[in-house]
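Pasted below: start-v5.cif, mmCIF, C-alpha atoms.
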data_final
#
loop_
_atom_site.group_PDB
_atom_site.id
_atom_site.type_symbol
_atom_site.label_atom_id
_atom_site.label_comp_id
_atom_site.auth_asym_id
_atom_site.auth_seq_id
_atom_site.Cartn_x
_atom_site.Cartn_y
_atom_site.Cartn_z
ATOM 1 C CA MET A 1 109.869 90.191 129.988
ATOM 2 C CA PRO A 2 107.692 88.104 132.299
ATOM 3 C CA ARG A 3 104.086 87.492 131.353
ATOM 4 C CA GLN A 4 101.513 86.603 133.950
ATOM 5 C CA ILE A 5 98.256 84.991 132.865
ATOM 6 C CA ILE A 6 95.407 85.839 135.215
ATOM 7 C CA PRO A 7 92.465 83.435 135.528
ATOM 8 C CA ALA A 8 89.158 85.106 134.745
ATOM 9 C CA GLY A 9 87.905 84.957 138.301
ATOM 10 C CA SER A 10 90.942 86.411 140.058
ATOM 11 C CA ASP A 11 92.684 89.746 140.323
ATOM 12 C CA PRO A 12 96.418 90.532 140.698
ATOM 13 C CA THR A 13 95.800 93.334 143.196
ATOM 14 C CA ALA A 14 93.552 93.780 146.192
ATOM 15 C CA ILE A 15 90.233 95.342 145.338
ATOM 16 C CA GLY A 16 90.296 97.351 148.563
ATOM 17 C CA GLU A 17 87.290 99.344 149.628
ATOM 18 C CA VAL A 18 85.261 99.460 146.411
ATOM 19 C CA SER A 19 81.651 100.208 147.229
ATOM 20 C CA ALA A 20 79.646 101.674 144.375
ATOM 21 C CA PRO A 21 81.990 103.689 142.150
ATOM 22 C CA PRO A 22 80.339 106.187 139.812
ATOM 23 C CA PHE A 23 79.907 105.072 136.225
ATOM 24 C CA ALA A 24 81.604 108.192 134.858
ATOM 25 C CA ARG A 25 83.650 111.135 136.029
ATOM 26 C CA LEU A 26 83.725 114.191 133.786
ATOM 27 C CA PRO A 27 86.917 116.189 133.191
ATOM 28 C CA GLU A 28 87.848 119.489 134.786
ATOM 29 C CA PRO A 29 89.598 120.946 131.724
ATOM 30 C CA ALA A 30 91.974 123.424 133.375
ATOM 31 C CA LEU A 31 93.033 120.947 136.036
ATOM 32 C CA LEU A 32 93.308 118.115 133.505
ATOM 33 C CA PHE A 33 95.932 119.870 131.411
ATOM 34 C CA SER A 34 97.828 121.594 134.206
ATOM 35 C CA ARG A 35 98.351 118.255 135.964
ATOM 36 C CA ARG A 36 99.360 116.645 132.682
ATOM 37 C CA ALA A 37 101.925 119.372 132.059
ATOM 38 C CA GLU A 38 103.380 118.816 135.530
ATOM 39 C CA ARG A 39 103.519 115.076 134.974
ATOM 40 C CA TRP A 40 105.289 115.358 131.637
ATOM 41 C CA ASN A 41 107.848 117.719 133.124
ATOM 42 C CA ALA A 42 108.481 115.294 135.976
ATOM 43 C CA LEU A 43 108.794 112.334 133.598
ATOM 44 C CA ALA A 44 111.191 114.181 131.289
ATOM 45 C CA ALA A 45 114.019 114.301 133.837
ATOM 46 C CA GLY A 46 116.566 111.694 132.821
ATOM 47 C CA HIS A 47 114.187 110.075 130.323
ATOM 48 C CA GLU A 48 115.466 109.022 126.903
ATOM 49 C CA LEU A 49 112.459 110.835 125.425
ATOM 50 C CA GLY A 50 113.194 113.894 127.569
ATOM 51 C CA PRO A 51 113.108 116.581 124.831
ATOM 52 C CA TYR A 52 109.830 115.259 123.460
ATOM 53 C CA LEU A 53 108.246 114.969 126.910
ATOM 54 C CA ARG A 54 109.279 118.538 127.755
ATOM 55 C CA PHE A 55 107.698 119.682 124.496
ATOM 56 C CA LEU A 56 104.491 117.854 125.413
ATOM 57 C CA ALA A 57 104.594 119.498 128.834
ATOM 58 C CA GLY A 58 104.723 122.892 127.118
ATOM 59 C CA LEU A 59 101.901 121.859 124.795
ATOM 60 C CA ALA A 60 99.736 120.802 127.766
ATOM 61 C CA GLY A 61 100.478 124.154 129.379
ATOM 62 C CA VAL A 62 99.159 125.835 126.236
ATOM 63 C CA GLN A 63 96.079 123.602 126.332
ATOM 64 C CA LYS A 64 95.322 124.981 129.785
ATOM 65 C CA ALA A 65 96.182 128.614 129.027
ATOM 66 C CA ILE A 66 94.053 129.075 125.900
ATOM 67 C CA GLN A 67 90.865 128.141 127.757
ATOM 68 C CA GLU A 68 90.752 131.300 129.854
ATOM 69 C CA ASP A 69 88.603 133.417 127.543
ATOM 70 C CA LEU A 70 87.380 130.985 124.904
ATOM 71 C CA ALA A 71 83.762 131.399 123.929
ATOM 72 C CA GLU A 72 81.239 129.048 125.505
ATOM 73 C CA PRO A 73 81.218 125.847 123.397
ATOM 74 C CA GLU A 74 78.057 124.985 121.478
ATOM 75 C CA MET A 75 76.431 122.027 123.223
ATOM 76 C CA PRO A 76 74.028 119.505 121.674
ATOM 77 C CA SER A 77 70.422 120.338 122.459
ATOM 78 C CA PRO A 78 68.753 118.668 125.449
ATOM 79 C CA ALA A 79 66.546 116.739 123.018
ATOM 80 C CA ALA A 80 69.581 115.466 121.110
ATOM 81 C CA ARG A 81 71.270 114.402 124.333
ATOM 82 C CA GLU A 82 68.184 112.567 125.524
ATOM 83 C CA ARG A 83 67.817 110.866 122.144
ATOM 84 C CA ALA A 84 71.450 109.730 122.301
ATOM 85 C CA ARG A 85 70.902 108.371 125.810
ATOM 86 C CA SER A 86 67.788 106.419 124.818
ATOM 87 C CA PHE A 87 69.641 104.764 121.940
ATOM 88 C CA GLY A 88 72.841 104.080 123.914
ATOM 89 C CA MET A 89 74.868 106.610 121.953
ATOM 90 C CA PRO A 90 77.370 109.227 123.198
ATOM 91 C CA PRO A 91 75.844 112.708 123.515
ATOM 92 C CA LEU A 92 78.866 114.322 121.854
ATOM 93 C CA ASP A 93 78.765 113.126 118.247
ATOM 94 C CA ARG A 94 82.259 113.309 116.762
ATOM 95 C CA ALA A 95 81.000 112.451 113.276
ATOM 96 C CA ASN A 96 78.658 115.433 113.160
ATOM 97 C CA LEU A 97 80.806 118.037 114.869
ATOM 98 C CA ALA A 98 80.208 121.515 113.533
ATOM 99 C CA LEU A 99 83.829 122.138 112.549
ATOM 100 C CA ASP A 100 83.671 125.886 112.933
ATOM 101 C CA THR A 101 82.970 125.456 116.654
ATOM 102 C CA ALA A 102 86.483 124.077 117.161
ATOM 103 C CA ALA A 103 88.212 126.529 114.819
ATOM 104 C CA GLU A 104 88.858 129.201 117.442
ATOM 105 C CA THR A 105 90.452 126.672 119.778
ATOM 106 C CA LEU A 106 92.764 125.386 117.056
ATOM 107 C CA ASP A 107 93.747 128.891 115.930
ATOM 108 C CA ARG A 108 94.566 129.918 119.492
ATOM 109 C CA LEU A 109 96.591 126.805 120.180
ATOM 110 C CA VAL A 110 98.625 127.209 116.986
ATOM 111 C CA ALA A 111 99.397 130.824 117.856
ATOM 112 C CA ALA A 112 100.281 130.136 121.490
ATOM 113 C CA VAL A 113 102.371 127.030 120.895
ATOM 114 C CA SER A 114 104.792 129.038 118.763
ATOM 115 C CA GLU A 115 106.352 130.213 122.036
ATOM 116 C CA VAL A 116 106.934 126.657 123.306
ATOM 117 C CA GLU A 117 110.404 125.155 123.011
ATOM 118 C CA LYS A 118 110.141 122.228 120.662
ATOM 119 C CA PRO A 119 112.271 119.638 118.870
ATOM 120 C CA PRO A 120 113.180 120.531 115.251
ATOM 121 C CA ALA A 121 110.672 118.058 113.809
ATOM 122 C CA ALA A 122 107.859 119.580 115.865
ATOM 123 C CA ALA A 123 108.882 123.093 114.815
ATOM 124 C CA ASP A 124 108.877 122.100 111.147
ATOM 125 C CA ALA A 125 105.469 120.449 111.573
ATOM 126 C CA LEU A 126 104.056 123.629 113.114
ATOM 127 C CA ASP A 127 105.324 125.670 110.159
ATOM 128 C CA ARG A 128 103.610 123.272 107.747
ATOM 129 C CA LEU A 129 100.411 123.386 109.784
ATOM 130 C CA LYS A 130 100.290 127.187 109.678
ATOM 131 C CA GLN A 131 100.376 126.977 105.897
ATOM 132 C CA ASP A 132 97.573 124.396 105.863
ATOM 133 C CA ILE A 133 95.176 126.401 108.032
ATOM 134 C CA PRO A 134 92.452 127.141 107.124
ATOM 135 C CA PRO A 135 92.322 125.358 103.711
ATOM 136 C CA ASN A 136 92.881 121.851 105.079
ATOM 137 C CA ARG A 137 91.651 122.377 108.632
ATOM 138 C CA ASP A 138 88.422 120.442 108.228
ATOM 139 C CA THR A 139 90.182 117.460 106.653
ATOM 140 C CA MET A 140 92.740 117.331 109.464
ATOM 141 C CA VAL A 141 90.089 117.628 112.172
ATOM 142 C CA ARG A 142 88.070 114.823 110.616
ATOM 143 C CA ALA A 143 91.166 112.635 110.403
ATOM 144 C CA VAL A 144 91.884 113.053 114.115
ATOM 145 C CA LEU A 145 88.269 112.431 115.120
ATOM 146 C CA ALA A 146 88.221 109.260 113.007
ATOM 147 C CA ASN A 147 91.555 108.055 114.447
ATOM 148 C CA ALA A 148 92.746 107.898 110.847
ATOM 149 C CA ILE A 149 95.755 110.229 110.869
ATOM 150 C CA PRO A 150 97.823 109.954 107.648
ATOM 151 C CA MET A 151 101.347 108.694 108.168
ATOM 152 C CA GLU A 152 102.875 111.446 106.045
ATOM 153 C CA ALA A 153 101.461 114.175 108.314
ATOM 154 C CA LEU A 154 101.649 112.644 111.778
ATOM 155 C CA ALA A 155 103.479 115.531 113.417
ATOM 156 C CA GLU A 156 101.108 118.232 112.174
ATOM 157 C CA HIS A 157 98.118 116.332 113.491
ATOM 158 C CA VAL A 158 99.560 116.325 117.028
ATOM 159 C CA TYR A 159 98.652 120.015 117.274
ATOM 160 C CA VAL A 160 95.195 119.446 115.829
ATOM 161 C CA ALA A 161 94.611 116.603 118.301
ATOM 162 C CA ALA A 162 95.737 118.819 121.183
ATOM 163 C CA ALA A 163 93.228 121.497 120.195
ATOM 164 C CA LEU A 164 90.431 118.949 119.872
ATOM 165 C CA GLN A 165 91.242 117.568 123.312
ATOM 166 C CA VAL A 166 90.647 121.048 124.723
ATOM 167 C CA HIS A 167 87.438 121.508 122.771
ATOM 168 C CA PHE A 168 85.955 118.148 123.731
ATOM 169 C CA ALA A 169 87.070 118.363 127.352
ATOM 170 C CA ARG A 170 85.165 121.654 127.618
ATOM 171 C CA LEU A 171 82.110 120.043 126.015
ATOM 172 C CA ALA A 172 82.273 116.958 128.240
ATOM 173 C CA ALA A 173 82.653 119.067 131.372
ATOM 174 C CA ARG A 174 79.232 120.581 130.672
ATOM 175 C CA LEU A 175 77.422 117.233 130.474
ATOM 176 C CA ASP A 176 75.572 115.542 133.323
ATOM 177 C CA ALA A 177 77.633 112.523 134.384
ATOM 178 C CA ARG A 178 74.519 110.899 135.832
ATOM 179 C CA ALA A 179 72.907 110.912 132.379
ATOM 180 C CA LEU A 180 75.732 108.991 130.688
ATOM 181 C CA VAL A 181 75.172 105.349 129.771
ATOM 182 C CA PRO A 182 77.427 102.604 128.359
ATOM 183 C CA VAL A 183 77.753 102.927 124.581
ATOM 184 C CA GLY A 184 79.784 99.813 123.754
ATOM 185 C CA GLU A 185 83.080 98.176 124.577
ATOM 186 C CA GLY A 186 86.098 100.462 124.284
ATOM 187 C CA ALA A 187 84.042 103.600 123.682
ATOM 188 C CA CYS A 188 83.787 106.717 125.832
ATOM 189 C CA PRO A 189 80.206 107.282 127.004
ATOM 190 C CA ALA A 190 80.593 111.024 126.455
ATOM 191 C CA CYS A 191 82.134 111.222 122.969
ATOM 192 C CA GLY A 192 82.588 107.645 121.735
ATOM 193 C CA SER A 193 86.379 107.823 121.484
ATOM 194 C CA PRO A 194 88.661 104.912 122.413
ATOM 195 C CA PRO A 195 90.610 104.919 125.683
ATOM 196 C CA ALA A 196 94.210 106.076 125.949
ATOM 197 C CA SER A 197 94.701 103.651 128.845
ATOM 198 C CA SER A 198 92.894 102.540 131.973
ATOM 199 C CA ILE A 199 93.631 103.433 135.582
ATOM 200 C CA ILE A 200 92.997 101.818 138.942
ATOM 201 C CA VAL A 201 92.058 104.656 141.249
ATOM 202 C CA GLY A 202 92.493 105.353 144.927
ATOM 203 C CA TRP A 203 89.473 107.608 145.335
ATOM 204 C CA GLN A 204 87.538 107.430 148.562
ATOM 205 C CA GLY A 205 84.585 105.096 148.049
ATOM 206 C CA ALA A 206 86.067 103.727 144.825
ATOM 207 C CA HIS A 207 89.512 102.562 145.934
ATOM 208 C CA GLY A 208 90.674 99.822 143.593
ATOM 209 C CA ALA A 209 88.035 100.458 140.918
ATOM 210 C CA ARG A 210 89.171 100.560 137.299
ATOM 211 C CA PHE A 211 88.305 103.394 134.913
ATOM 212 C CA CYS A 212 89.048 103.789 131.231
ATOM 213 C CA ALA A 213 90.404 107.226 130.286
ATOM 214 C CA CYS A 214 89.101 108.812 127.087
ATOM 215 C CA SER A 215 91.826 109.795 124.638
ATOM 216 C CA LEU A 216 89.834 112.802 123.393
ATOM 217 C CA CYS A 217 87.605 114.425 126.020
ATOM 218 C CA GLY A 218 89.263 113.106 129.181
ATOM 219 C CA THR A 219 86.123 111.487 130.616
ATOM 220 C CA LEU A 220 86.725 108.479 132.878
ATOM 221 C CA TRP A 221 84.283 105.572 132.805
ATOM 222 C CA ASN A 222 84.089 102.573 135.098
ATOM 223 C CA HIS A 223 85.073 99.202 133.653
ATOM 224 C CA VAL A 224 85.178 95.782 135.271
ATOM 225 C CA ARG A 225 88.664 94.503 136.031
ATOM 226 C CA ILE A 226 90.089 91.324 134.469
ATOM 227 C CA LYS A 227 88.001 92.066 131.402
ATOM 228 C CA CYS A 228 89.265 93.313 128.060
ATOM 229 C CA THR A 229 88.433 96.997 127.684
ATOM 230 C CA LEU A 230 88.111 96.535 123.926
ATOM 231 C CA CYS A 231 86.200 93.310 123.241
ATOM 232 C CA GLY A 232 84.775 92.524 126.689
ATOM 233 C CA SER A 233 86.339 89.064 126.925
ATOM 234 C CA THR A 234 87.295 87.667 130.328
ATOM 235 C CA LYS A 235 89.327 84.804 128.877
ATOM 236 C CA GLY A 236 93.049 84.857 128.175
ATOM 237 C CA ILE A 237 93.671 88.132 129.991
ATOM 238 C CA GLY A 238 97.339 88.650 130.849
ATOM 239 C CA TYR A 239 99.524 91.367 132.352
ATOM 240 C CA GLN A 240 102.978 92.264 131.129
ATOM 241 C CA GLU A 241 105.487 94.781 132.377
ATOM 242 C CA ILE A 242 109.119 95.658 131.819
ATOM 243 C CA ASP A 243 111.588 93.747 133.975
ATOM 244 C CA GLY A 244 112.554 95.779 137.009
ATOM 245 C CA GLY A 245 109.504 98.022 136.736
ATOM 246 C CA GLN A 246 107.698 99.385 139.772
ATOM 247 C CA GLY A 247 104.520 97.481 138.999
ATOM 248 C CA THR A 248 102.541 100.663 138.394
ATOM 249 C CA VAL A 249 102.225 100.485 134.589
ATOM 250 C CA LYS A 250 101.376 97.210 132.874
ATOM 251 C CA ALA A 251 99.971 96.101 129.555
ATOM 252 C CA GLU A 252 96.713 94.210 129.831
ATOM 253 C CA THR A 253 96.741 91.764 126.929
ATOM 254 C CA CYS A 254 93.762 89.864 125.530
ATOM 255 C CA ASP A 255 94.151 86.605 123.651
ATOM 256 C CA SER A 256 90.594 86.862 122.318
ATOM 257 C CA CYS A 257 91.123 90.013 120.256
ATOM 258 C CA GLY A 258 94.929 90.030 120.204
ATOM 259 C CA CYS A 259 95.135 93.579 121.511
ATOM 260 C CA TYR A 260 96.422 95.311 124.624
ATOM 261 C CA VAL A 261 95.683 98.444 126.605
ATOM 262 C CA LYS A 262 97.911 99.756 129.369
ATOM 263 C CA ILE A 263 96.622 99.730 132.922
ATOM 264 C CA LEU A 264 98.029 102.283 135.378
ATOM 265 C CA HIS A 265 97.920 101.650 139.122
ATOM 266 C CA GLN A 266 97.160 105.199 140.170
ATOM 267 C CA HIS A 267 96.168 103.986 143.632
ATOM 268 C CA LYS A 268 99.850 103.150 144.142
ATOM 269 C CA ASP A 269 101.185 106.326 142.504
ATOM 270 C CA PRO A 270 98.658 109.210 142.416
ATOM 271 C CA GLY A 271 100.884 111.135 140.010
ATOM 272 C CA LEU A 272 100.245 108.734 137.139
ATOM 273 C CA ASP A 273 98.444 110.314 134.196
ATOM 274 C CA PRO A 274 96.614 108.106 131.652
ATOM 275 C CA VAL A 275 97.970 110.030 128.661
ATOM 276 C CA ALA A 276 101.369 111.252 129.891
ATOM 277 C CA ASP A 277 102.506 107.962 131.385
ATOM 278 C CA ASP A 278 101.290 106.102 128.313
ATOM 279 C CA VAL A 279 103.738 108.105 126.212
ATOM 280 C CA ALA A 280 106.564 107.769 128.720
ATOM 281 C CA THR A 281 106.263 103.957 128.732
ATOM 282 C CA LEU A 282 106.807 103.552 125.002
ATOM 283 C CA GLY A 283 109.324 100.802 125.735
ATOM 284 C CA LEU A 284 106.490 98.649 127.076
ATOM 285 C CA ASP A 285 104.607 99.075 123.799
ATOM 286 C CA ILE A 286 107.608 97.898 121.831
ATOM 287 C CA LEU A 287 108.070 94.785 123.969
ATOM 288 C CA VAL A 288 104.407 93.800 123.962
ATOM 289 C CA ARG A 289 104.114 94.307 120.221
ATOM 290 C CA GLU A 290 107.129 92.059 119.732
ATOM 291 C CA GLY A 291 105.043 89.426 121.496
ATOM 292 C CA GLY A 292 102.419 89.642 118.780
ATOM 293 C CA TYR A 293 99.819 91.914 120.411
ATOM 294 C CA ARG A 294 98.381 94.999 118.733
ATOM 295 C CA ARG A 295 97.868 98.296 120.494
ATOM 296 C CA GLY A 296 94.122 98.689 120.958
ATOM 297 C CA SER A 297 94.087 102.110 122.590
ATOM 298 C CA PHE A 298 94.705 105.496 120.986
ATOM 299 C CA ASN A 299 97.009 108.302 122.027
ATOM 300 C CA PRO A 300 97.588 111.133 119.547
ATOM 301 C CA PHE A 301 101.004 111.793 121.072
ATOM 302 C CA LEU A 302 102.119 108.218 120.377
ATOM 303 C CA ILE A 303 100.934 108.078 116.770
ATOM 304 C CA GLY A 304 103.428 106.400 114.516
ATOM 305 C CA TYR A 305 104.526 103.867 117.151
#
Write the structure described by the file as structure tokens, please.
Amino acid sequence: MPRQIIPAGSDPTAIGEVSAPPFARLPEPALLFSRRAERWNALAAGHELGPYLRFLAGLAGVQKAIQEDLAEPEMPSPAARERARSFGMPPLDRANLALDTAAETLDRLVAAVSEVEKPPAAADALDRLKQDIPPNRDTMVRAVLANAIPMEALAEHVYVAAALQVHFARLAARLDARALVPVGEGACPACGSPPASSIIVGWQGAHGARFCACSLCGTLWNHVRIKCTLCGSTKGIGYQEIDGGQGTVKAETCDSCGCYVKILHQHKDPGLDPVADDVATLGLDILVREGGYRRGSFNPFLIGY
């Protein structure tokens, strides 16, 4: 697998027509999950992970469907949001989430996903989850929000993570993007979660700009290119991809922190999804990790890899 080291002052692709890209773009929850379902279905055809990708497509479809008549989510007060802004903190505090506010979303997802075709392991995990809810719900939610999912219950937590993605996407969609501020390297300005990957967009007025994609709420935030999305270093940045690839999905490696985050060239292929294509390029993770780099991003559907 070839590895290209990029000097700090250069860029492997043309910047294009970047003017003044917005700092953040908030999710549109229904559109977010419907597009992700379509992408997973498209990726599943002929893919070695086909059955799993089709299951994830069905799960994303459920994520969209259960939103239709959910109660309005409880937002932080204006004073709390302003306080978070003044201290450079995300307005959606994962650590202090009122767990009962996400309970309805999780219950609906668990009920609806029963109708989705799933691999045997996913079906068994759903059965175990139904037995654990509600006694262990809070513990499982906290584990997902802390990115500390126990190895012995990885599959069950996929469903919990899917429900929390819906809940936090609905919360983030109700924020004011103009009020968001940077909250630290590798942290979503809306909820503080790590990125699933980063994307180079082809939007009008921001063509060629890079955005990190939140693994939880789906918010996109602008990030300088040729700069580690995790530690902020501009030294020792490299790009790796699988031989024979189309050049649309690469791993951006950082010698300073020893980690990598995938970068998706959405301006070349608008169909790329920062979560779906991350899962579908598992082979890239395996190759880069063999080279000694650690995965620095988080994707609940890739847990265990």
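When atom CA of Pro150 of chain A is paired with atom CA of Leu129 of chain A, their separation reads 13.8 Å.
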Neighbour list for segment 178-190 of chain A as number ranges by chain, cut-off 9 Å, all atoms listed in the file, skip fewer than 2 positions in-chain: A: 22-24, 26, 81-82, 85-93, 172, 175-176, 192-195, 212-217, 219-221, 228-232, 296-297
Skip Arg54 of chain A itself and residues of its chain fewer than 6 positions away, then list as a list in words all residues within 9 Å of it, counting all atoms listed in the file. Ala37, Trp40, Asn41, Ala42, Leu43, Ala44, Ala45, Glu117 and Lys118 of chain A
Excluding Thr101 of chain A and residues on its chain fewer than 4 positions from it, collect all residues at most 12 Å away from it, counting all atoms listed in the file, and give them as a PyMOL selection string. chain A and resi 70-76+96-97+105-107+138+141+163-164+166-168+170-171
On this file, the PyMOL selection byres ((chain A and resi 281) around 12) gives some set of residues; write that set as a PyMOL selection string. chain A and resi 40+43-44+47-49+53+197+241-242+245+248-251+262-264+272-280+282-288+302+305
Pick the closest to Phe211 of chain A from A:Gly271, A:Tyr239, A:Arg225, A:Phe301: which is it, counting all atoms listed in the file?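 With all atoms listed in the file as the atom set, the closest residue is A:Arg225.
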Pick from A:Leu31, A:Ala177, A:Val261, A:Leu59 nearest to Ala112 of chain A, counting only C-alpha atoms: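 Between A:Leu31, A:Ala177, A:Val261, A:Leu59, the residue approaching Ala112 of chain A most closely is A:Leu59.
The result of the PyMOL selection byres ((chain A and resi 254) around 8) on the shown file is Cys228, Ser233, Lys235, Gly236, Ile237, Gly238, Glu252, Thr253, Asp255, Ser256, Cys257, Gly258, Cys259 and Tyr260 of chain A.
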What is the distance between atom CA of Leu56 of chain A and atom CA of Leu154 of chain A, in Å to one decimal?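 If I compute the distance from atom CA of Leu56 of chain A to atom CA of Leu154 of chain A, I get 14.9 Å.
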Segment 156-159 of chain A surroundings by only C-alpha atoms, 8 Å radius, close-in-sequence under 2 positions cut, as number ranges by chain: A: 106, 109-110, 122, 125-126, 128-129, 140, 144, 149, 153-154, 161-163, 300-301
Residues within 10 Å of Pro270 of chain A, only C-alpha atoms, excluding chain neighbours under 6 positions, as a VMD selection string: chain A and resid 200 to 203 264
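Counting from atom CA of Asp100 of chain A, the distance to atom CA of Arg142 of chain A is 12.1 Å.
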Selected residue of minimal separation from Asp69 of chain A among A:Ala143, A:Glu104, A:Ile226, A:Tyr293, counting only C-alpha atoms: A:Glu104
Work out where the centre of an axis-aligned box around every listed atom of segment 85-95 of chain A lies and how long its edges are once 8 Å is added on each side; give both in Å to one decimal as AutoDock Vina command-line options.
--center_x 75.0 --center_y 109.2 --center_z 119.5 --size_x 30.5 --size_y 26.2 --size_z 28.5
Determine the nearest neighbour of Gln165 of chain A from the options A:Thr139, A:Gln63, A:Thr234, A:Gln240, counting all atoms listed in the file.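 With all atoms listed in the file as the atom set, the closest residue is A:Gln63.
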